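File shown: final-v7.txt (compact mmCIF, C-alpha atoms and all ligand atoms).
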# COMPACT_ATOMS: atom_id res chain seq x y z
CA MET A 1 143.94 122.35 -60.54
CA ARG A 2 144.05 122.77 -64.28
CA SER A 3 144.60 119.04 -64.72
CA LEU A 4 141.68 118.40 -62.39
CA VAL A 5 139.49 120.63 -64.56
CA VAL A 6 140.70 118.78 -67.64
CA VAL A 7 139.91 115.46 -65.98
CA PHE A 8 136.52 116.82 -64.93
CA VAL A 9 135.75 118.05 -68.46
CA ALA A 10 136.95 114.78 -69.91
CA THR A 11 134.78 112.90 -67.43
CA ILE A 12 131.75 115.02 -68.32
CA GLY A 13 132.55 114.34 -71.96
CA THR A 14 132.65 110.61 -71.31
CA LEU A 15 129.44 110.82 -69.32
CA LEU A 16 127.73 112.75 -72.12
CA ALA A 17 128.96 110.20 -74.63
CA ALA A 18 127.69 107.47 -72.34
CA CYS A 19 124.33 109.26 -72.09
CA ASN A 20 124.16 109.52 -75.85
CA ALA A 21 125.13 105.92 -76.34
CA PRO A 22 121.93 104.35 -75.04
CA THR A 23 119.90 106.60 -77.36
CA GLY A 24 122.05 105.46 -80.26
CA SER A 25 121.80 101.83 -79.28
CA THR A 26 118.04 102.22 -78.76
CA GLU A 27 117.81 103.45 -82.35
CA GLN A 28 119.81 100.42 -83.38
CA LYS A 29 117.64 98.16 -81.27
CA ALA A 30 114.58 99.80 -82.79
CA ALA A 31 115.90 98.97 -86.22
CA THR A 32 116.74 95.38 -85.36
CA THR A 33 113.66 94.44 -83.37
CA ALA A 34 110.71 95.90 -85.37
CA LYS A 35 108.36 93.16 -86.52
CA LEU A 36 105.44 93.00 -88.93
CA TYR A 37 102.71 90.40 -88.47
CA VAL A 38 100.16 89.55 -91.18
CA PHE A 39 96.77 88.23 -90.04
CA ASP A 40 94.17 86.52 -92.19
CA CYS A 41 90.97 88.52 -91.66
CA GLY A 42 89.06 86.73 -94.40
CA THR A 43 88.51 86.52 -98.15
CA LEU A 44 85.92 88.55 -100.00
CA LYS A 45 84.12 87.59 -103.22
CA ALA A 46 84.42 90.51 -105.64
CA ASP A 47 82.91 91.61 -108.93
CA PRO A 48 85.86 92.77 -111.08
CA ALA A 49 83.55 95.12 -113.01
CA ARG A 50 83.46 97.39 -109.95
CA PHE A 51 87.21 97.77 -110.47
CA ARG A 52 87.00 98.36 -114.26
CA LEU A 53 88.39 94.88 -114.86
CA LYS A 54 86.96 92.03 -116.91
CA PRO A 55 86.81 88.58 -115.33
CA GLU A 56 89.32 87.33 -117.92
CA GLU A 57 91.77 90.09 -116.94
CA VAL A 58 92.17 88.95 -113.33
CA SER A 59 93.75 85.75 -112.05
CA THR A 60 91.13 85.46 -109.31
CA THR A 61 88.01 87.35 -108.30
CA ASP A 62 88.81 86.76 -104.63
CA LEU A 63 90.06 89.67 -102.54
CA SER A 64 92.12 88.93 -99.45
CA VAL A 65 91.34 90.87 -96.30
CA PRO A 66 94.49 91.01 -94.18
CA CYS A 67 95.09 92.84 -90.92
CA PHE A 68 98.57 93.88 -89.80
CA LEU A 69 100.41 94.41 -86.54
CA ILE A 70 103.64 96.37 -86.29
CA VAL A 71 105.62 95.78 -83.12
CA HIS A 72 108.19 98.46 -82.41
CA PRO A 73 110.24 99.04 -79.24
CA ARG A 74 108.21 102.23 -78.69
CA GLY A 75 104.81 100.60 -79.05
CA THR A 76 102.53 98.65 -81.33
CA LEU A 77 100.36 99.69 -84.27
CA LEU A 78 97.40 97.72 -85.59
CA TRP A 79 96.65 98.55 -89.22
CA ASP A 80 93.19 97.63 -90.61
CA VAL A 81 90.95 95.33 -88.61
CA GLY A 82 88.94 93.15 -90.97
CA ALA A 83 85.52 92.95 -92.61
CA VAL A 84 83.51 91.02 -90.00
CA PRO A 85 83.66 91.60 -86.24
CA ASP A 86 84.93 88.57 -84.30
CA GLY A 87 81.68 88.38 -82.35
CA ASP A 88 79.55 88.12 -85.50
CA TRP A 89 80.68 84.63 -86.53
CA ILE A 90 81.55 81.30 -84.96
CA PRO A 91 84.90 79.70 -85.87
CA THR A 92 84.78 75.99 -86.70
CA GLY A 93 88.45 75.31 -87.31
CA GLY A 94 87.78 75.31 -91.06
CA PRO A 95 86.62 77.92 -93.56
CA VAL A 96 83.30 79.56 -92.59
CA THR A 97 81.16 81.29 -95.21
CA HIS A 98 79.61 84.51 -94.01
CA HIS A 99 77.00 86.73 -95.60
CA LEU A 100 77.22 90.42 -94.76
CA GLU A 101 74.45 92.96 -95.30
CA LEU A 102 75.61 96.57 -95.65
CA PRO A 103 73.68 99.73 -94.78
CA ASP A 104 73.50 100.78 -98.46
CA GLY A 105 71.39 97.67 -99.19
CA SER A 106 74.20 95.73 -100.87
CA SER A 107 75.66 92.54 -99.46
CA ARG A 108 78.93 90.62 -99.57
CA ASP A 109 80.00 87.01 -99.22
CA LEU A 110 83.14 86.17 -97.31
CA THR A 111 85.16 83.22 -96.15
CA LEU A 112 86.51 83.47 -92.62
CA ARG A 113 88.95 81.15 -90.91
CA LYS A 114 90.14 82.50 -87.59
CA ARG A 115 89.15 85.43 -85.41
CA LEU A 116 91.52 88.39 -85.26
CA ALA A 117 91.67 88.21 -81.44
CA ALA A 118 92.75 84.54 -81.62
CA GLN A 119 95.45 85.34 -84.16
CA LEU A 120 96.69 88.26 -82.07
CA SER A 121 96.77 85.99 -79.04
CA GLU A 122 98.79 83.33 -80.89
CA ALA A 123 101.31 86.06 -81.75
CA GLY A 124 101.43 86.95 -78.04
CA TYR A 125 99.26 90.09 -77.93
CA ARG A 126 95.95 91.15 -76.42
CA ALA A 127 93.81 94.11 -77.45
CA SER A 128 95.11 96.00 -74.41
CA ASP A 129 98.68 95.68 -75.79
CA ILE A 130 97.85 97.76 -78.87
CA THR A 131 99.23 101.29 -78.52
CA TYR A 132 97.94 102.73 -81.79
CA LEU A 133 95.10 101.88 -84.14
CA ALA A 134 94.96 103.16 -87.72
CA PHE A 135 92.88 102.36 -90.79
CA SER A 136 93.79 102.83 -94.41
CA HIS A 137 90.25 104.20 -94.71
CA TYR A 138 86.76 104.01 -93.26
CA HIS A 139 85.17 101.23 -95.37
CA TYR A 140 83.57 98.31 -93.54
CA ASP A 141 86.19 95.80 -94.70
CA HIS A 142 88.97 97.70 -92.88
CA THR A 143 87.19 98.63 -89.65
CA ALA A 144 85.17 95.60 -88.48
CA ASN A 145 86.95 94.95 -85.17
CA ALA A 146 87.60 98.60 -84.33
CA ASN A 147 85.46 98.57 -81.17
CA ALA A 148 87.78 95.98 -79.62
CA PHE A 149 90.61 98.52 -79.76
CA ALA A 150 88.80 101.56 -78.39
CA SER A 151 91.35 101.82 -75.56
CA SER A 152 94.19 102.26 -78.09
CA THR A 153 95.10 105.69 -79.44
CA TRP A 154 93.43 106.18 -82.81
CA LEU A 155 95.58 107.82 -85.48
CA ALA A 156 92.96 109.41 -87.72
CA ARG A 157 92.53 111.86 -90.56
CA GLN A 158 89.93 114.51 -89.72
CA VAL A 159 88.09 114.09 -93.01
CA GLU A 160 87.76 110.32 -92.45
CA ARG A 161 86.62 110.70 -88.85
CA ASP A 162 84.05 113.33 -89.89
CA ALA A 163 82.63 110.99 -92.54
CA MET A 164 82.52 108.07 -90.10
CA PHE A 165 80.51 110.00 -87.54
CA ALA A 166 78.37 112.00 -89.97
CA ASP A 167 74.57 111.78 -89.69
CA LYS A 168 74.57 109.87 -92.98
CA PRO A 169 77.93 108.06 -93.34
CA PRO A 170 78.89 106.80 -96.84
CA GLY A 171 77.19 103.55 -97.93
CA VAL A 172 79.98 101.01 -97.58
CA VAL A 173 80.65 102.15 -94.05
CA GLN A 174 79.36 100.14 -91.09
CA PRO A 175 79.10 102.64 -88.18
CA ALA A 176 78.29 99.95 -85.61
CA PHE A 177 81.78 98.46 -86.20
CA TYR A 178 83.58 101.53 -84.83
CA ALA A 179 81.02 103.36 -82.65
CA ALA A 180 83.24 102.99 -79.55
CA LEU A 181 86.03 105.00 -81.18
CA LYS A 182 84.00 108.18 -80.80
CA THR A 183 85.42 108.62 -77.28
CA SER A 184 88.83 107.02 -77.93
CA LYS A 185 91.99 108.99 -77.39
CA THR A 186 92.57 110.28 -80.93
CA VAL A 187 95.49 111.92 -82.68
CA ILE A 188 94.34 113.89 -85.72
CA LEU A 189 96.98 113.65 -88.43
CA LYS A 190 97.47 117.07 -89.97
CA ASP A 191 100.38 116.40 -92.30
CA ASP A 192 100.54 114.14 -95.35
CA GLU A 193 103.11 112.02 -93.52
CA TYR A 194 102.93 110.93 -89.88
CA ASP A 195 105.94 109.26 -88.31
CA VAL A 196 104.29 106.91 -85.79
CA PHE A 197 107.29 106.09 -83.59
CA GLY A 198 109.47 109.09 -84.40
CA ASP A 199 112.37 107.19 -86.01
CA GLY A 200 111.18 107.11 -89.63
CA SER A 201 110.53 103.36 -89.63
CA VAL A 202 106.70 103.43 -89.59
CA ILE A 203 105.02 106.22 -91.56
CA LEU A 204 101.39 106.84 -92.40
CA LYS A 205 101.22 108.48 -95.83
CA LEU A 206 98.15 110.26 -97.13
CA ALA A 207 97.05 108.82 -100.50
CA PRO A 208 93.51 110.16 -101.03
CA GLY A 209 91.05 109.25 -103.74
CA HIS A 210 89.52 105.92 -102.75
CA THR A 211 88.16 107.89 -99.79
CA PRO A 212 88.93 111.54 -98.93
CA GLY A 213 91.51 110.66 -96.28
CA HIS A 214 92.74 107.30 -97.58
CA GLN A 215 96.29 106.49 -96.50
CA VAL A 216 98.96 103.84 -96.96
CA LEU A 217 101.50 102.59 -94.41
CA TYR A 218 105.24 102.50 -94.97
CA VAL A 219 107.17 100.11 -92.73
CA ARG A 220 110.95 99.82 -92.84
CA LEU A 221 112.19 96.52 -91.47
CA PRO A 222 115.84 95.64 -90.84
CA ARG A 223 115.86 92.37 -92.82
CA THR A 224 112.88 92.69 -95.16
CA GLY A 225 113.54 96.32 -96.09
CA GLY A 226 110.80 98.78 -96.93
CA VAL A 227 107.20 97.65 -97.38
CA VAL A 228 104.21 99.80 -98.30
CA LEU A 229 100.85 98.41 -97.19
CA SER A 230 98.56 99.65 -99.93
CA GLY A 231 95.22 100.09 -98.23
CA ASP A 232 92.89 100.23 -101.25
CA LEU A 233 95.17 102.27 -103.50
CA TYR A 234 94.80 99.17 -105.69
CA HIS A 235 92.63 96.10 -105.15
CA PHE A 236 94.00 93.84 -107.88
CA PRO A 237 97.62 93.69 -109.14
CA GLU A 238 96.07 93.82 -112.63
CA ALA A 239 94.60 97.24 -111.80
CA ARG A 240 98.13 98.44 -111.14
CA ALA A 241 99.50 97.00 -114.40
CA LEU A 242 96.53 98.13 -116.51
CA LYS A 243 96.08 101.45 -114.67
CA ARG A 244 92.38 100.90 -113.94
CA VAL A 245 90.84 103.12 -111.30
CA THR A 246 88.15 101.69 -109.03
CA LEU A 247 84.65 102.77 -110.10
CA PHE A 248 83.45 103.53 -106.59
CA ASP A 249 86.41 105.67 -105.57
CA PHE A 250 85.41 108.92 -103.91
CA ASP A 251 87.59 110.89 -106.36
CA GLN A 252 89.01 108.87 -109.26
CA ALA A 253 91.27 111.65 -110.56
CA GLN A 254 92.74 112.03 -107.08
CA THR A 255 93.35 108.26 -106.92
CA ALA A 256 95.39 108.49 -110.12
CA VAL A 257 97.49 111.33 -108.63
CA SER A 258 98.00 109.41 -105.36
CA ARG A 259 99.03 106.28 -107.28
CA GLU A 260 101.68 108.26 -109.16
CA ALA A 261 103.00 109.73 -105.91
CA ILE A 262 103.19 106.34 -104.19
CA GLU A 263 104.76 104.69 -107.25
CA ALA A 264 107.42 107.45 -107.22
CA PHE A 265 107.97 106.82 -103.50
CA LEU A 266 108.40 103.07 -104.18
CA THR A 267 110.93 103.78 -106.92
CA LYS A 268 112.84 106.24 -104.72
CA THR A 269 112.97 103.99 -101.64
CA GLY A 270 113.06 100.57 -103.29
CA ALA A 271 110.20 99.51 -101.01
CA GLN A 272 107.88 96.63 -101.98
CA LEU A 273 104.17 97.29 -102.44
CA TRP A 274 101.89 94.78 -100.75
CA ILE A 275 98.45 95.16 -102.32
CA GLN A 276 96.36 94.19 -99.34
CA HIS A 277 93.39 92.81 -101.31
CA ASP A 278 95.62 90.90 -103.79
CA ALA A 279 94.64 87.33 -102.89
CA VAL A 280 97.50 85.74 -104.86
CA GLY A 281 100.16 88.05 -103.42
CA ASN A 282 98.68 87.75 -99.95
CA SER A 283 98.67 83.94 -100.11
CA ARG A 284 102.45 84.05 -100.45
CA LEU A 285 102.96 86.12 -97.30
CA LYS A 286 103.99 84.56 -94.00
CA LYS A 287 101.05 84.65 -91.60
CA ALA A 288 101.14 85.23 -87.86
CA PRO A 289 102.47 83.93 -85.54
CA GLU A 290 105.34 84.04 -88.06
CA TYR A 291 106.47 87.56 -88.79
CA TYR A 292 108.65 89.78 -90.96
CA GLU A 293 111.59 91.55 -89.39
ZN ZN A 301 88.94 97.34 -98.98
For this file, produce the structure as structure tokens.
Ligand SMILES: [Zn+2]
Amino acid sequence: MRSLVVVFVATIGTLLAACNAPTGSTEQKAATTAKLYVFDCGTLKADPARFRLKPEEVSTTDLSVPCFLIVHPRGTLLWDVGAVPDGDWIPTGGPVTHHLELPDGSSRDLTLRKRLAAQLSEAGYRASDITYLAFSHYHYDHTANANAFASSTWLARQVERDAMFADKPPGVVQPAFYAALKTSKTVILKDDEYDVFGDGSVILKLAPGHTPGHQVLYVRLPRTGGVVLSGDLYHFPEARALKRVTLFDFDQAQTAVSREAIEAFLTKTGAQLWIQHDAVGNSRLKKAPEYYE
């Protein structure tokens, strides 16, 4: 009888180990199958003076506008969705110049090449495949295609959402771009860090200053290692080197504090910083349907 009990206990032990094993191997699978796609959502003509930089201090006055997709075994996350909605321009197969009027009376000139939906499709995804949607911040050049992802779960900071749906949203916001998100399933992020898939590999990190709830995205990939997608913590690599804070930041002192915190995080983790608007750095990145893993 005793030996039977021992066998039974041993069997339960084996079963428990077996039950634990899939969780462990799922973690491993999670780590080996996460992918990061970079999409070309256009190029913006910029005036370096708005970033406290002289034309001779920057290698280009172009700002890239990338969008990113993270594919994880537990879901997908789309991070920033461009400056011009897909439906507002007609692709030609070549570069298309586009003039954008903003609600504050200013305007921007962009070059567009391929719609976000077409790039997603080439990577094998439709809008309905996107589990989570998140923006670095509410400005027009990060939210343009938001309405297309209204059925995804929006991961939002309360202060950003409040500004977006205020009676008078801030000037460089384009409320028509994201109106459909008002009724989207929304998770309000209460902590500075939000672990999107629960395994520490994809983390939204609050880095306020550019806007009140500005955030960056940390992605840990098995081959590439750690990458921080900057949002608009910096626009130009020269702003990072010369420590110039953007003139139109919501709170410039707070930007400086956030930059120090993120720089310390980069040093601690060894992660790379991808400055999203850095046209030179962005031009060197693999674009979808290729991906980082
Ligand atoms: Zn921006």
A:Ile275, A:Leu242, A:Val96, A:Leu112 ranked by distance to ligand ZN 301 (chain A), top pick (using all atoms listed in the file):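 So, comparing all the options, the nearest one is A:Ile275.
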Residues of chain A at most 8 Å from ligand ZN 301 (chain A): nearest atom pair and distance in Å, all atoms listed in the file, as JSON lines:
{"residue": "A:Val65", "atom": "CA", "partner": "A:ZN301", "partner_atom": "ZN", "distance": 7.4}
{"residue": "A:His139", "atom": "CA", "partner": "A:ZN301", "partner_atom": "ZN", "distance": 6.5}
{"residue": "A:Tyr140", "atom": "CA", "partner": "A:ZN301", "partner_atom": "ZN", "distance": 7.7}
{"residue": "A:Asp141", "atom": "CA", "partner": "A:ZN301", "partner_atom": "ZN", "distance": 5.3}
{"residue": "A:His142", "atom": "CA", "partner": "A:ZN301", "partner_atom": "ZN", "distance": 6.1}
{"residue": "A:Gly231", "atom": "CA", "partner": "A:ZN301", "partner_atom": "ZN", "distance": 6.9}
{"residue": "A:Asp232", "atom": "CA", "partner": "A:ZN301", "partner_atom": "ZN", "distance": 5.4}
{"residue": "A:His235", "atom": "CA", "partner": "A:ZN301", "partner_atom": "ZN", "distance": 7.3}
{"residue": "A:His277", "atom": "CA", "partner": "A:ZN301", "partner_atom": "ZN", "distance": 6.8}
Nearest-residue call for Ser106 in chain A, choices A:Lys45, A:Ile70, A:Gly171, A:Arg223, using all atoms listed in the file: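 Using all atoms listed in the file, the shortest distance to Ser106 in chain A belongs to A:Gly171.
The space separating CA of Thr224 in chain A from CA of Ala288 in chain A comes to 15.7 Å.
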Two-atom distance - CA of His137 in chain A, CA of Leu53 in chain A (Å): 22.3 Å
Point-to-point distance in Å for CA of Pro212 in chain A and CA of Val196 in chain A: 20.7 Å
Selected residue of minimal separation from Ser136 in chain A among A:Thr267, A:Thr211, A:Thr255, A:Ser64, counting all atoms listed in the file: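 Comparing A:Thr267, A:Thr211, A:Thr255, A:Ser64 against Ser136 in chain A, the winner is A:Thr211.
Restricting the calculation to all atoms listed in the file, the smallest distance between Gln272 in chain A and any of A:Ala207, A:Leu229, A:Val257, A:Leu155 is found for A:Leu229.
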For Glu263 in chain A, the nearest of the candidates A:Ser59, A:Ser121, A:Thr111, A:Ser230, counting all atoms listed in the file: A:Ser230
